[in-house]
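Below is the file run-v3.cif, which contains mmCIF, C-alpha atoms.
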data_start
loop_
_atom_site.group_PDB
_atom_site.id
_atom_site.type_symbol
_atom_site.label_atom_id
_atom_site.label_comp_id
_atom_site.auth_asym_id
_atom_site.auth_seq_id
_atom_site.Cartn_x
_atom_site.Cartn_y
_atom_site.Cartn_z
ATOM 1 C CA MET T 1 0.000 0.000 0.000
ATOM 2 C CA ALA T 2 1.279 3.448 -0.904
ATOM 3 C CA LYS T 3 1.067 6.885 0.648
ATOM 4 C CA ILE T 4 -0.687 8.949 -2.021
ATOM 5 C CA ALA T 5 -1.526 12.630 -2.378
ATOM 6 C CA PHE T 6 -4.518 13.314 -4.640
ATOM 7 C CA ILE T 7 -4.924 16.880 -5.904
ATOM 8 C CA GLY T 8 -8.329 17.730 -7.376
ATOM 9 C CA ILE T 9 -11.345 15.980 -5.874
ATOM 10 C CA GLY T 10 -13.919 16.863 -8.497
ATOM 11 C CA VAL T 11 -16.322 14.938 -10.712
ATOM 12 C CA MET T 12 -13.516 12.708 -11.990
ATOM 13 C CA GLY T 13 -10.850 12.968 -9.304
ATOM 14 C CA GLY T 14 -13.189 12.277 -6.397
ATOM 15 C CA PRO T 15 -14.261 8.790 -7.550
ATOM 16 C CA MET T 16 -10.729 7.895 -8.654
ATOM 17 C CA ALA T 17 -9.324 8.827 -5.251
ATOM 18 C CA ALA T 18 -12.128 6.880 -3.588
ATOM 19 C CA HIS T 19 -11.119 3.704 -5.445
ATOM 20 C CA LEU T 20 -7.569 4.132 -4.150
ATOM 21 C CA ALA T 21 -8.777 4.656 -0.585
ATOM 22 C CA HIS T 22 -11.046 1.613 -0.747
ATOM 23 C CA ALA T 23 -8.107 -0.427 -2.056
ATOM 24 C CA GLY T 24 -6.281 0.363 1.175
ATOM 25 C CA HIS T 25 -3.925 3.145 0.129
ATOM 26 C CA ASP T 26 -3.166 6.007 2.530
ATOM 27 C CA LEU T 27 -4.718 9.123 0.954
ATOM 28 C CA THR T 28 -4.146 12.803 1.624
ATOM 29 C CA VAL T 29 -6.341 15.022 -0.541
ATOM 30 C CA TYR T 30 -6.285 18.656 -1.607
ATOM 31 C CA ASN T 31 -8.926 20.591 -3.499
ATOM 32 C CA ARG T 32 -9.072 24.280 -4.349
ATOM 33 C CA THR T 33 -12.613 24.373 -2.961
ATOM 34 C CA GLN T 34 -11.839 23.082 0.511
ATOM 35 C CA SER T 35 -15.408 22.058 1.321
ATOM 36 C CA LYS T 36 -15.266 19.380 -1.408
ATOM 37 C CA ALA T 37 -12.138 17.887 0.124
ATOM 38 C CA GLU T 38 -13.705 17.979 3.582
ATOM 39 C CA LYS T 39 -16.760 16.141 2.271
ATOM 40 C CA TRP T 40 -14.582 13.555 0.538
ATOM 41 C CA VAL T 41 -12.582 12.870 3.712
ATOM 42 C CA ALA T 42 -15.799 12.538 5.726
ATOM 43 C CA GLU T 43 -17.035 9.885 3.270
ATOM 44 C CA HIS T 44 -13.831 7.985 2.494
ATOM 45 C CA GLY T 45 -11.334 8.700 5.251
ATOM 46 C CA GLY T 46 -7.781 9.881 4.763
ATOM 47 C CA ALA T 47 -6.361 13.296 5.557
ATOM 48 C CA LEU T 48 -7.063 16.826 4.349
ATOM 49 C CA ALA T 49 -4.262 19.134 3.160
ATOM 50 C CA LEU T 50 -4.504 22.903 2.792
ATOM 51 C CA SER T 51 -2.085 23.138 -0.138
ATOM 52 C CA PRO T 52 -0.613 20.872 -2.836
ATOM 53 C CA ALA T 53 2.772 21.079 -1.114
ATOM 54 C CA GLU T 54 1.303 19.972 2.198
ATOM 55 C CA ALA T 55 -0.427 17.043 0.503
ATOM 56 C CA ALA T 56 2.779 15.981 -1.267
ATOM 57 C CA LYS T 57 5.384 16.421 1.460
ATOM 58 C CA GLU T 58 5.330 12.801 2.696
ATOM 59 C CA ALA T 59 3.711 11.132 -0.315
ATOM 60 C CA GLN T 60 5.372 8.487 -2.430
ATOM 61 C CA ILE T 61 2.923 9.197 -5.255
ATOM 62 C CA VAL T 62 1.164 12.439 -6.187
ATOM 63 C CA ILE T 63 -1.828 12.317 -8.538
ATOM 64 C CA SER T 64 -3.584 15.348 -10.002
ATOM 65 C CA CYS T 65 -6.880 15.839 -11.796
ATOM 66 C CA VAL T 66 -7.531 19.569 -12.112
ATOM 67 C CA GLY T 67 -8.969 21.924 -14.725
ATOM 68 C CA ASN T 68 -6.496 23.289 -17.263
ATOM 69 C CA ASP T 69 -2.869 24.204 -17.961
ATOM 70 C CA ASP T 70 -2.842 27.106 -15.511
ATOM 71 C CA ASP T 71 -4.343 24.972 -12.734
ATOM 72 C CA LEU T 72 -1.828 22.213 -13.348
ATOM 73 C CA SER T 73 1.083 24.639 -13.385
ATOM 74 C CA ALA T 74 -0.080 26.148 -10.086
ATOM 75 C CA VAL T 75 -0.464 22.841 -8.223
ATOM 76 C CA THR T 76 2.897 21.535 -9.427
ATOM 77 C CA MET T 77 5.294 24.451 -9.896
ATOM 78 C CA GLY T 78 3.502 27.245 -8.051
ATOM 79 C CA ARG T 79 4.570 28.766 -4.724
ATOM 80 C CA ASP T 80 2.777 26.008 -2.793
ATOM 81 C CA GLY T 81 3.124 23.427 -5.572
ATOM 82 C CA ALA T 82 3.680 19.727 -5.102
ATOM 83 C CA PHE T 83 7.024 19.512 -6.935
ATOM 84 C CA GLY T 84 8.780 21.597 -4.300
ATOM 85 C CA ALA T 85 7.712 19.182 -1.572
ATOM 86 C CA MET T 86 8.179 15.843 -3.362
ATOM 87 C CA GLN T 87 11.135 13.627 -2.558
ATOM 88 C CA GLY T 88 13.563 12.322 -5.157
ATOM 89 C CA GLY T 89 12.376 9.050 -6.652
ATOM 90 C CA GLY T 90 8.729 10.024 -6.228
ATOM 91 C CA LEU T 91 6.045 9.535 -8.865
ATOM 92 C CA PHE T 92 3.715 12.184 -10.293
ATOM 93 C CA ILE T 93 0.679 11.118 -12.348
ATOM 94 C CA ASP T 94 -1.463 13.752 -14.037
ATOM 95 C CA HIS T 95 -4.969 12.852 -15.207
ATOM 96 C CA THR T 96 -5.910 16.370 -16.323
ATOM 97 C CA THR T 97 -6.596 16.943 -20.023
ATOM 98 C CA VAL T 98 -4.105 19.686 -20.839
ATOM 99 C CA SER T 99 -1.746 20.732 -23.615
ATOM 100 C CA ALA T 100 1.085 18.451 -24.651
ATOM 101 C CA GLN T 101 3.361 21.435 -24.135
ATOM 102 C CA ILE T 102 2.828 21.610 -20.384
ATOM 103 C CA ALA T 103 3.083 17.823 -20.110
ATOM 104 C CA ARG T 104 6.529 18.013 -21.686
ATOM 105 C CA GLN T 105 7.440 20.990 -19.522
ATOM 106 C CA LEU T 106 6.541 19.126 -16.341
ATOM 107 C CA SER T 107 8.613 16.159 -17.442
ATOM 108 C CA VAL T 108 11.677 18.373 -17.918
ATOM 109 C CA GLU T 109 11.083 20.164 -14.616
ATOM 110 C CA ALA T 110 10.742 16.846 -12.796
ATOM 111 C CA GLN T 111 13.952 15.404 -14.210
ATOM 112 C CA GLY T 112 15.998 17.914 -12.244
ATOM 113 C CA ARG T 113 14.239 16.752 -9.083
ATOM 114 C CA SER T 114 14.532 13.009 -9.860
ATOM 115 C CA ILE T 115 10.733 12.697 -10.039
ATOM 116 C CA HIS T 116 9.035 10.294 -12.452
ATOM 117 C CA VAL T 117 6.171 11.897 -14.411
ATOM 118 C CA VAL T 118 3.332 10.324 -16.400
ATOM 119 C CA ASP T 119 0.820 12.391 -18.372
ATOM 120 C CA ALA T 120 -2.258 10.193 -18.224
ATOM 121 C CA PRO T 121 -5.494 11.787 -19.465
ATOM 122 C CA VAL T 122 -8.559 9.597 -19.229
ATOM 123 C CA SER T 123 -11.632 8.696 -21.254
ATOM 124 C CA GLY T 124 -14.854 7.186 -19.971
ATOM 125 C CA GLY T 125 -16.515 10.131 -18.268
ATOM 126 C CA GLN T 126 -17.979 10.332 -14.803
ATOM 127 C CA ALA T 127 -19.519 6.862 -15.076
ATOM 128 C CA GLY T 128 -16.151 5.388 -15.976
ATOM 129 C CA ALA T 129 -14.525 7.063 -12.987
ATOM 130 C CA GLU T 130 -17.252 5.921 -10.596
ATOM 131 C CA ASN T 131 -17.195 2.338 -11.896
ATOM 132 C CA GLY T 132 -13.404 2.094 -12.070
ATOM 133 C CA LYS T 133 -13.549 1.455 -15.823
ATOM 134 C CA LEU T 134 -11.612 4.363 -17.279
ATOM 135 C CA SER T 135 -9.428 4.160 -20.366
ATOM 136 C CA ILE T 136 -6.071 5.840 -19.711
ATOM 137 C CA MET T 137 -3.604 6.931 -22.391
ATOM 138 C CA CYS T 138 -0.118 7.534 -21.039
ATOM 139 C CA GLY T 139 2.994 9.467 -21.942
ATOM 140 C CA GLY T 140 6.343 9.320 -20.166
ATOM 141 C CA SER T 141 9.401 7.151 -19.787
ATOM 142 C CA LYS T 142 9.128 3.379 -19.556
ATOM 143 C CA GLU T 143 10.313 3.580 -15.957
ATOM 144 C CA ALA T 144 7.677 6.161 -15.016
ATOM 145 C CA PHE T 145 4.915 4.150 -16.657
ATOM 146 C CA ALA T 146 6.018 0.942 -14.957
ATOM 147 C CA ALA T 147 5.821 2.704 -11.603
ATOM 148 C CA ALA T 148 2.363 4.131 -12.335
ATOM 149 C CA GLU T 149 0.539 1.272 -14.037
ATOM 150 C CA ASN T 150 -0.317 -0.750 -10.957
ATOM 151 C CA ILE T 151 -1.739 2.278 -9.142
ATOM 152 C CA MET T 152 -3.860 3.340 -12.118
ATOM 153 C CA SER T 153 -5.230 -0.178 -12.551
ATOM 154 C CA VAL T 154 -7.335 0.403 -9.426
ATOM 155 C CA TYR T 155 -9.675 2.695 -11.396
ATOM 156 C CA ALA T 156 -9.029 1.752 -15.023
ATOM 157 C CA ALA T 157 -10.166 -0.955 -17.421
ATOM 158 C CA ARG T 158 -7.549 -0.119 -20.059
ATOM 159 C CA ILE T 159 -4.122 1.479 -19.668
ATOM 160 C CA VAL T 160 -1.856 2.039 -22.680
ATOM 161 C CA HIS T 161 1.650 3.497 -22.702
ATOM 162 C CA VAL T 162 1.660 5.367 -25.995
ATOM 163 C CA GLY T 163 5.071 7.028 -25.931
ATOM 164 C CA GLY T 164 7.269 9.675 -24.358
ATOM 165 C CA PRO T 165 6.270 12.823 -22.446
ATOM 166 C CA GLY T 166 3.199 14.474 -23.974
ATOM 167 C CA ALA T 167 2.092 11.386 -25.914
ATOM 168 C CA GLY T 168 -0.763 10.762 -23.500
ATOM 169 C CA GLN T 169 -2.122 14.233 -24.107
ATOM 170 C CA THR T 170 -1.841 14.080 -27.894
ATOM 171 C CA THR T 171 -3.581 10.699 -27.824
ATOM 172 C CA LYS T 172 -6.428 12.231 -25.791
ATOM 173 C CA MET T 173 -6.673 14.861 -28.531
ATOM 174 C CA CYS T 174 -7.112 12.032 -31.063
ATOM 175 C CA ASN T 175 -9.911 10.700 -28.868
ATOM 176 C CA GLN T 176 -11.755 14.023 -28.788
ATOM 177 C CA ILE T 177 -11.280 14.647 -32.505
ATOM 178 C CA ALA T 178 -12.859 11.268 -33.238
ATOM 179 C CA ILE T 179 -15.754 11.831 -30.826
ATOM 180 C CA ALA T 180 -16.530 15.237 -32.336
ATOM 181 C CA GLY T 181 -16.937 13.771 -35.816
ATOM 182 C CA VAL T 182 -18.999 10.824 -34.582
ATOM 183 C CA LEU T 183 -21.411 13.061 -32.660
ATOM 184 C CA GLU T 184 -21.973 15.371 -35.613
ATOM 185 C CA GLY T 185 -22.701 12.411 -37.878
ATOM 186 C CA LEU T 186 -24.984 10.889 -35.262
ATOM 187 C CA SER T 187 -26.834 14.192 -34.836
ATOM 188 C CA GLU T 188 -27.434 14.499 -38.566
ATOM 189 C CA ALA T 189 -28.554 10.869 -38.870
ATOM 190 C CA LEU T 190 -31.032 11.281 -36.014
ATOM 191 C CA ARG T 191 -32.567 14.429 -37.462
ATOM 192 C CA PHE T 192 -32.742 12.759 -40.888
ATOM 193 C CA ALA T 193 -34.585 9.790 -39.389
ATOM 194 C CA GLN T 194 -37.026 12.123 -37.621
ATOM 195 C CA ALA T 195 -37.666 14.057 -40.839
ATOM 196 C CA SER T 196 -38.330 10.749 -42.575
ATOM 197 C CA LYS T 197 -40.856 9.874 -39.849
ATOM 198 C CA LEU T 198 -39.106 6.622 -39.034
ATOM 199 C CA ASP T 199 -39.455 4.656 -35.811
ATOM 200 C CA LEU T 200 -36.282 5.778 -34.046
ATOM 201 C CA ASP T 201 -36.014 2.632 -31.939
ATOM 202 C CA LYS T 202 -36.185 0.495 -35.064
ATOM 203 C CA VAL T 203 -33.613 2.666 -36.816
ATOM 204 C CA HIS T 204 -31.234 2.227 -33.908
ATOM 205 C CA GLU T 205 -31.835 -1.522 -33.841
ATOM 206 C CA ALA T 206 -31.101 -1.743 -37.550
ATOM 207 C CA ILE T 207 -28.008 0.416 -37.887
ATOM 208 C CA SER T 208 -26.325 -0.261 -34.546
ATOM 209 C CA GLY T 209 -25.620 -3.814 -35.653
ATOM 210 C CA GLY T 210 -23.450 -2.696 -38.556
ATOM 211 C CA ALA T 211 -20.623 -0.365 -39.453
ATOM 212 C CA ALA T 212 -22.413 2.720 -38.069
ATOM 213 C CA GLN T 213 -22.341 1.364 -34.511
ATOM 214 C CA SER T 214 -20.515 3.442 -31.893
ATOM 215 C CA TRP T 215 -20.481 3.999 -28.139
ATOM 216 C CA GLN T 216 -22.200 7.326 -28.732
ATOM 217 C CA MET T 217 -24.958 5.690 -30.760
ATOM 218 C CA ASP T 218 -25.600 2.970 -28.194
ATOM 219 C CA ASN T 219 -25.560 5.320 -25.206
ATOM 220 C CA ARG T 220 -26.909 8.612 -26.570
ATOM 221 C CA TRP T 221 -29.283 7.893 -29.489
ATOM 222 C CA ALA T 222 -32.391 7.557 -27.299
ATOM 223 C CA THR T 223 -31.540 10.489 -25.032
ATOM 224 C CA MET T 224 -30.725 12.742 -27.973
ATOM 225 C CA ALA T 225 -34.099 11.846 -29.491
ATOM 226 C CA ASN T 226 -35.753 12.962 -26.226
ATOM 227 C CA ASP T 227 -33.664 16.150 -25.905
ATOM 228 C CA GLU T 228 -32.060 14.866 -22.697
ATOM 229 C CA PHE T 229 -28.546 16.218 -22.176
ATOM 230 C CA ASP T 230 -27.927 16.010 -18.447
ATOM 231 C CA PHE T 231 -24.834 13.801 -18.432
ATOM 232 C CA GLY T 232 -21.233 14.024 -17.304
ATOM 233 C CA PHE T 233 -19.064 15.554 -20.054
ATOM 234 C CA ALA T 234 -20.070 19.128 -20.768
ATOM 235 C CA VAL T 235 -19.854 21.161 -23.970
ATOM 236 C CA ASP T 236 -17.641 23.682 -22.155
ATOM 237 C CA TRP T 237 -15.087 20.925 -21.487
ATOM 238 C CA MET T 238 -15.286 19.588 -25.023
ATOM 239 C CA ARG T 239 -14.551 23.035 -26.435
ATOM 240 C CA LYS T 240 -11.518 23.271 -24.162
ATOM 241 C CA ASP T 241 -10.295 19.896 -25.433
ATOM 242 C CA LEU T 242 -10.917 20.715 -29.090
ATOM 243 C CA GLY T 243 -9.088 23.996 -28.588
ATOM 244 C CA LEU T 244 -6.063 22.046 -27.345
ATOM 245 C CA ALA T 245 -6.225 19.767 -30.383
ATOM 246 C CA LEU T 246 -6.530 22.650 -32.831
ATOM 247 C CA ALA T 247 -3.588 24.434 -31.207
ATOM 248 C CA GLU T 248 -1.444 21.286 -31.352
ATOM 249 C CA ALA T 249 -2.412 20.818 -35.010
ATOM 250 C CA ARG T 250 -0.959 24.236 -35.800
ATOM 251 C CA THR T 251 2.297 23.004 -34.253
ATOM 252 C CA ASN T 252 2.538 19.563 -35.858
ATOM 253 C CA GLY T 253 1.229 20.615 -39.273
ATOM 254 C CA SER T 254 -1.905 18.467 -39.349
ATOM 255 C CA THR T 255 -5.294 19.652 -40.600
ATOM 256 C CA LEU T 256 -8.532 19.214 -38.646
ATOM 257 C CA PRO T 257 -11.350 20.635 -40.797
ATOM 258 C CA VAL T 258 -14.160 18.575 -39.237
ATOM 259 C CA ALA T 259 -12.969 19.188 -35.677
ATOM 260 C CA ALA T 260 -12.748 22.925 -36.379
ATOM 261 C CA LEU T 261 -16.270 22.943 -37.822
ATOM 262 C CA VAL T 262 -17.748 20.968 -34.924
ATOM 263 C CA ASP T 263 -15.995 23.307 -32.499
ATOM 264 C CA GLN T 264 -17.897 26.183 -34.136
ATOM 265 C CA PHE T 265 -21.126 24.216 -33.804
ATOM 266 C CA TYR T 266 -20.428 23.713 -30.102
ATOM 267 C CA ALA T 267 -19.926 27.470 -29.820
ATOM 268 C CA GLU T 268 -23.503 27.843 -31.072
ATOM 269 C CA VAL T 269 -24.709 25.420 -28.389
ATOM 270 C CA GLN T 270 -22.859 27.464 -25.758
ATOM 271 C CA ALA T 271 -24.373 30.703 -27.069
ATOM 272 C CA ALA T 272 -27.832 29.152 -26.699
ATOM 273 C CA GLY T 273 -27.138 28.405 -23.027
ATOM 274 C CA GLY T 274 -26.026 24.789 -23.398
ATOM 275 C CA GLY T 275 -22.464 25.047 -22.142
ATOM 276 C CA ARG T 276 -23.084 22.654 -19.262
ATOM 277 C CA HIS T 277 -25.090 20.192 -21.355
ATOM 278 C CA ASP T 278 -23.602 16.868 -22.390
ATOM 279 C CA THR T 279 -21.674 16.822 -25.681
ATOM 280 C CA SER T 280 -24.579 14.963 -27.317
ATOM 281 C CA SER T 281 -26.477 18.265 -27.172
ATOM 282 C CA LEU T 282 -24.742 18.979 -30.478
ATOM 283 C CA VAL T 283 -27.994 17.717 -32.019
ATOM 284 C CA SER T 284 -29.885 20.668 -30.494
ATOM 285 C CA ARG T 285 -28.427 23.100 -33.028
ATOM 286 C CA ILE T 286 -30.054 21.179 -35.903
ATOM 287 C CA ALA T 287 -33.716 22.160 -36.149
ATOM 288 C CA LYS T 288 -36.281 19.390 -36.258
ATOM 289 C CA SER T 289 -38.098 19.068 -39.563
ATOM 290 C CA ARG T 290 -41.624 20.484 -39.672
ATOM 291 C CA ALA T 291 -42.599 18.379 -42.662
#

Represent the structure from my file as structure tokens, please.
Amino acid sequence: MAKIAFIGIGVMGGPMAAHLAHAGHDLTVYNRTQSKAEKWVAEHGGALALSPAEAAKEAQIVISCVGNDDDLSAVTMGRDGAFGAMQGGGLFIDHTTVSAQIARQLSVEAQGRSIHVVDAPVSGGQAGAENGKLSIMCGGSKEAFAAAENIMSVYAARIVHVGGPGAGQTTKMCNQIAIAGVLEGLSEALRFAQASKLDLDKVHEAISGGAAQSWQMDNRWATMANDEFDFGFAVDWMRKDLGLALAEARTNGSTLPVAALVDQFYAEVQAAGGGRHDTSSLVSRIAKSRA
């Protein structure tokens, strides 16, 4: 059992930390909104820290799941950041979806402190975190990944070491690019079926058994048809992720025309007040046929 500091006890981080606590690890948690950390400790045990440095000072492993690049920079390299308190030979795992640039920067910063770093963004949403069935894509050295894999297996169904520092983040960008295109196609297919006055349940039964099948189709077709969008992964977060992908594409020379277009469509959903709706709310910007 390890002594672990977990920084960021939110929608994703809270359940992940809970799996570690229930597995018998010694948890110290920190959250920017202290009341969330207090509630987590009351439910799962462990200790409460008032800063990332305090959480990390005696930890063998520090895990973060925060909001964006600035948040990650603050909890690692800031005045009260974890890196300044970590001991040589320690392990830092970051589950935040951030830019590949900061993932690489953290890896370089950690080398001078003899800290192993893994950038390990996740896919699977809130349900995946709660059920311990996340998919984790990892970047970092082979040694860092070997040290992290067993810990991450507590809350993951699939863990893949893709490559060096930043590779986890660029792989997560691939994930979001693919999802964006699938959801736009699914939205158009659903509206087309409605305009054709087809039985939507029968349409799903027919096409989900072939090449059109996807996780989004199986899990969101019925709710999209009923204009239900109260799920875990919000449009605001998807736009952040697509922004990271589009920025990285300008660096690596790739072109993302569909992702760029869908990002604009999500901006329309945000403008209509749907920023906190699930990403499947993309369908809401396509008017239903009046025919």

Which one is closest to Ala245 (chain T): T:Ala156, T:Val118, T:Ala147, T:Met173? Count all atoms listed in the file. T:Met173

When the PyMOL selection byres ((chain T and resi 203) around 12) is applied to the file above, which residues end up in the set, as a count of residues only? 27

Would you tabulate, counting all atoms listed in the file, all residues of region 190-270 of chain T that have an atom at most 12 Å from an atom of region 63-80 of chain T, showing the closest pair of atoms and their distance in Å to one decimal, sorted by chain then ascending number, as JSON lines?
{"residue": "T:Asp236", "atom": "CA", "partner": "T:Gly67", "partner_atom": "CA", "distance": 11.6}
{"residue": "T:Trp237", "atom": "CA", "partner": "T:Gly67", "partner_atom": "CA", "distance": 9.2}
{"residue": "T:Lys240", "atom": "CA", "partner": "T:Asn68", "partner_atom": "CA", "distance": 8.5}
{"residue": "T:Asp241", "atom": "CA", "partner": "T:Asn68", "partner_atom": "CA", "distance": 9.6}
{"residue": "T:Gly243", "atom": "CA", "partner": "T:Asn68", "partner_atom": "CA", "distance": 11.6}
{"residue": "T:Leu244", "atom": "CA", "partner": "T:Asp69", "partner_atom": "CA", "distance": 10.1}

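Counting all atoms listed in the file, the residue from T:Glu43, T:Phe92, T:Gly125, T:Arg32 that sits nearest to Ala5 (chain T) is T:Phe92.
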
Show me, as a PyMOL selection string, the residues that have an atom within 6 Å of Ile4 (chain T) when counting only C-alpha atoms, minus same-chain residues fewer than 3 positions from it. chain T and resi 26-27+59+61-62

Selection in question (the file shown): the PyMOL selection byres ((chain T and resi 259) around 12). Which residues does it include, as an mmCIF file with C-alpha atoms, keeping the file's coordinate frame?
data_model
loop_
_atom_site.group_PDB
_atom_site.id
_atom_site.type_symbol
_atom_site.label_atom_id
_atom_site.label_comp_id
_atom_site.auth_asym_id
_atom_site.auth_seq_id
_atom_site.Cartn_x
_atom_site.Cartn_y
_atom_site.Cartn_z
ATOM 1 C CA MET T 173 -6.673 14.861 -28.531
ATOM 2 C CA CYS T 174 -7.112 12.032 -31.063
ATOM 3 C CA ASN T 175 -9.911 10.700 -28.868
ATOM 4 C CA GLN T 176 -11.755 14.023 -28.788
ATOM 5 C CA ILE T 177 -11.280 14.647 -32.505
ATOM 6 C CA ALA T 178 -12.859 11.268 -33.238
ATOM 7 C CA ILE T 179 -15.754 11.831 -30.826
ATOM 8 C CA ALA T 180 -16.530 15.237 -32.336
ATOM 9 C CA GLY T 181 -16.937 13.771 -35.816
ATOM 10 C CA VAL T 182 -18.999 10.824 -34.582
ATOM 11 C CA LEU T 183 -21.411 13.061 -32.660
ATOM 12 C CA GLU T 184 -21.973 15.371 -35.613
ATOM 13 C CA MET T 238 -15.286 19.588 -25.023
ATOM 14 C CA ARG T 239 -14.551 23.035 -26.435
ATOM 15 C CA ASP T 241 -10.295 19.896 -25.433
ATOM 16 C CA LEU T 242 -10.917 20.715 -29.090
ATOM 17 C CA GLY T 243 -9.088 23.996 -28.588
ATOM 18 C CA LEU T 244 -6.063 22.046 -27.345
ATOM 19 C CA ALA T 245 -6.225 19.767 -30.383
ATOM 20 C CA LEU T 246 -6.530 22.650 -32.831
ATOM 21 C CA ALA T 247 -3.588 24.434 -31.207
ATOM 22 C CA ALA T 249 -2.412 20.818 -35.010
ATOM 23 C CA SER T 254 -1.905 18.467 -39.349
ATOM 24 C CA THR T 255 -5.294 19.652 -40.600
ATOM 25 C CA LEU T 256 -8.532 19.214 -38.646
ATOM 26 C CA PRO T 257 -11.350 20.635 -40.797
ATOM 27 C CA VAL T 258 -14.160 18.575 -39.237
ATOM 28 C CA ALA T 260 -12.748 22.925 -36.379
ATOM 29 C CA LEU T 261 -16.270 22.943 -37.822
ATOM 30 C CA VAL T 262 -17.748 20.968 -34.924
ATOM 31 C CA ASP T 263 -15.995 23.307 -32.499
ATOM 32 C CA GLN T 264 -17.897 26.183 -34.136
ATOM 33 C CA PHE T 265 -21.126 24.216 -33.804
ATOM 34 C CA TYR T 266 -20.428 23.713 -30.102
#

When the PyMOL selection byres ((chain T and resi 119) around 10) is applied to the file above, which residues end up in the set, as a compact mmCIF listing (two decimals) with C-alpha atoms, keeping the file's coordinate frame?
# COMPACT_ATOMS: atom_id res chain seq x y z
CA SER T 64 -3.58 15.35 -10.00
CA PHE T 92 3.72 12.18 -10.29
CA ILE T 93 0.68 11.12 -12.35
CA ASP T 94 -1.46 13.75 -14.04
CA HIS T 95 -4.97 12.85 -15.21
CA THR T 96 -5.91 16.37 -16.32
CA THR T 97 -6.60 16.94 -20.02
CA VAL T 98 -4.11 19.69 -20.84
CA ALA T 100 1.08 18.45 -24.65
CA ILE T 102 2.83 21.61 -20.38
CA ALA T 103 3.08 17.82 -20.11
CA ARG T 104 6.53 18.01 -21.69
CA LEU T 106 6.54 19.13 -16.34
CA SER T 107 8.61 16.16 -17.44
CA VAL T 117 6.17 11.90 -14.41
CA VAL T 118 3.33 10.32 -16.40
CA ALA T 120 -2.26 10.19 -18.22
CA PRO T 121 -5.49 11.79 -19.46
CA VAL T 122 -8.56 9.60 -19.23
CA ILE T 136 -6.07 5.84 -19.71
CA MET T 137 -3.60 6.93 -22.39
CA CYS T 138 -0.12 7.53 -21.04
CA GLY T 139 2.99 9.47 -21.94
CA GLY T 140 6.34 9.32 -20.17
CA ALA T 144 7.68 6.16 -15.02
CA PHE T 145 4.92 4.15 -16.66
CA HIS T 161 1.65 3.50 -22.70
CA GLY T 164 7.27 9.68 -24.36
CA PRO T 165 6.27 12.82 -22.45
CA GLY T 166 3.20 14.47 -23.97
CA ALA T 167 2.09 11.39 -25.91
CA GLY T 168 -0.76 10.76 -23.50
CA GLN T 169 -2.12 14.23 -24.11

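Residues in contact with Ala234 (chain T) at 12 Å, where all atoms listed in the file are counted and same-chain residues fewer than 5 positions away are skipped, are listed as Val11, Gly125, Gln126, Phe229, Arg239, Lys240, Asp241, Tyr266, Val269, Gln270, Gly273, Gly274, Gly275, Arg276, His277, Asp278, Thr279, Ser280, Ser281 and Leu282 of chain T.
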
Using only C-alpha atoms - which residues lie no farther than 6 Å from the point (-10.3, -0.4, -18.9) in the file's frame? Write them as a PDB file with C-alpha atoms, keeping the file's coordinate frame.
ATOM      1  CA  LYS T 133     -13.549   1.455 -15.823  1.00  0.00           C
ATOM      2  CA  LEU T 134     -11.612   4.363 -17.279  1.00  0.00           C
ATOM      3  CA  SER T 135      -9.428   4.160 -20.366  1.00  0.00           C
ATOM      4  CA  ALA T 156      -9.029   1.752 -15.023  1.00  0.00           C
ATOM      5  CA  ALA T 157     -10.166  -0.955 -17.421  1.00  0.00           C
ATOM      6  CA  ARG T 158      -7.549  -0.119 -20.059  1.00  0.00           C
TER       7      ARG T 158
END

Compare T:Val29, T:Leu48, T:Ile286, T:Ile115 by their minimum atom-to-atom distance to Gly185 (chain T), counting all atoms listed in the file, and give me the closest one. T:Ile286

Report, as lines of an AutoDock Vina configuration file, the axis-aligned box around all atoms of region 206-224 of chain T present in the file, extended by 5 Å on each side; give centre and edge lengths in Å to one decimal place.
center_x = -26.4
center_y = 4.5
center_z = -32.2
size_x = 21.9
size_y = 26.6
size_z = 24.4

To one decimal in Å, tell me the separation between CA of Thr28 (chain T) and CA of Tyr155 (chain T).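 Calculated distance between CA of Thr28 (chain T) and CA of Tyr155 (chain T) is 17.4 Å.
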
For CA of Glu149 (chain T) and CA of Met16 (chain T), determine how far apart the two atoms are, in Å to one decimal place. 14.1 Å

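With CA of Ala18 (chain T) on one side and CA of Glu130 (chain T) on the other, the separation reads 8.7 Å.
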
Given only C-alpha atoms as the counted atoms, nearest of T:Ala82, T:Ala23, T:Ala148, T:Met224 to Leu50 (chain T):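 Using only C-alpha atoms, Leu50 (chain T) sits closest to T:Ala82.
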
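The smallest atom-to-atom distance between Arg285 (chain T) and any of T:Ser153, T:Asn226, T:Thr33, T:Ser187, using all atoms listed in the file, is found for T:Ser187.
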
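The smallest atom-to-atom distance between Ala2 (chain T) and any of T:Gly163, T:Gly24, T:Gly89, T:Pro52, using only C-alpha atoms, is found for T:Gly24.
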
Would you list the contacts of Trp40 (chain T) as a count of residues only, taking every protein, DNA or RNA residue within 9 Å and counting only C-alpha atoms, but skipping same-chain residues closer than 5 positions in sequence? 7
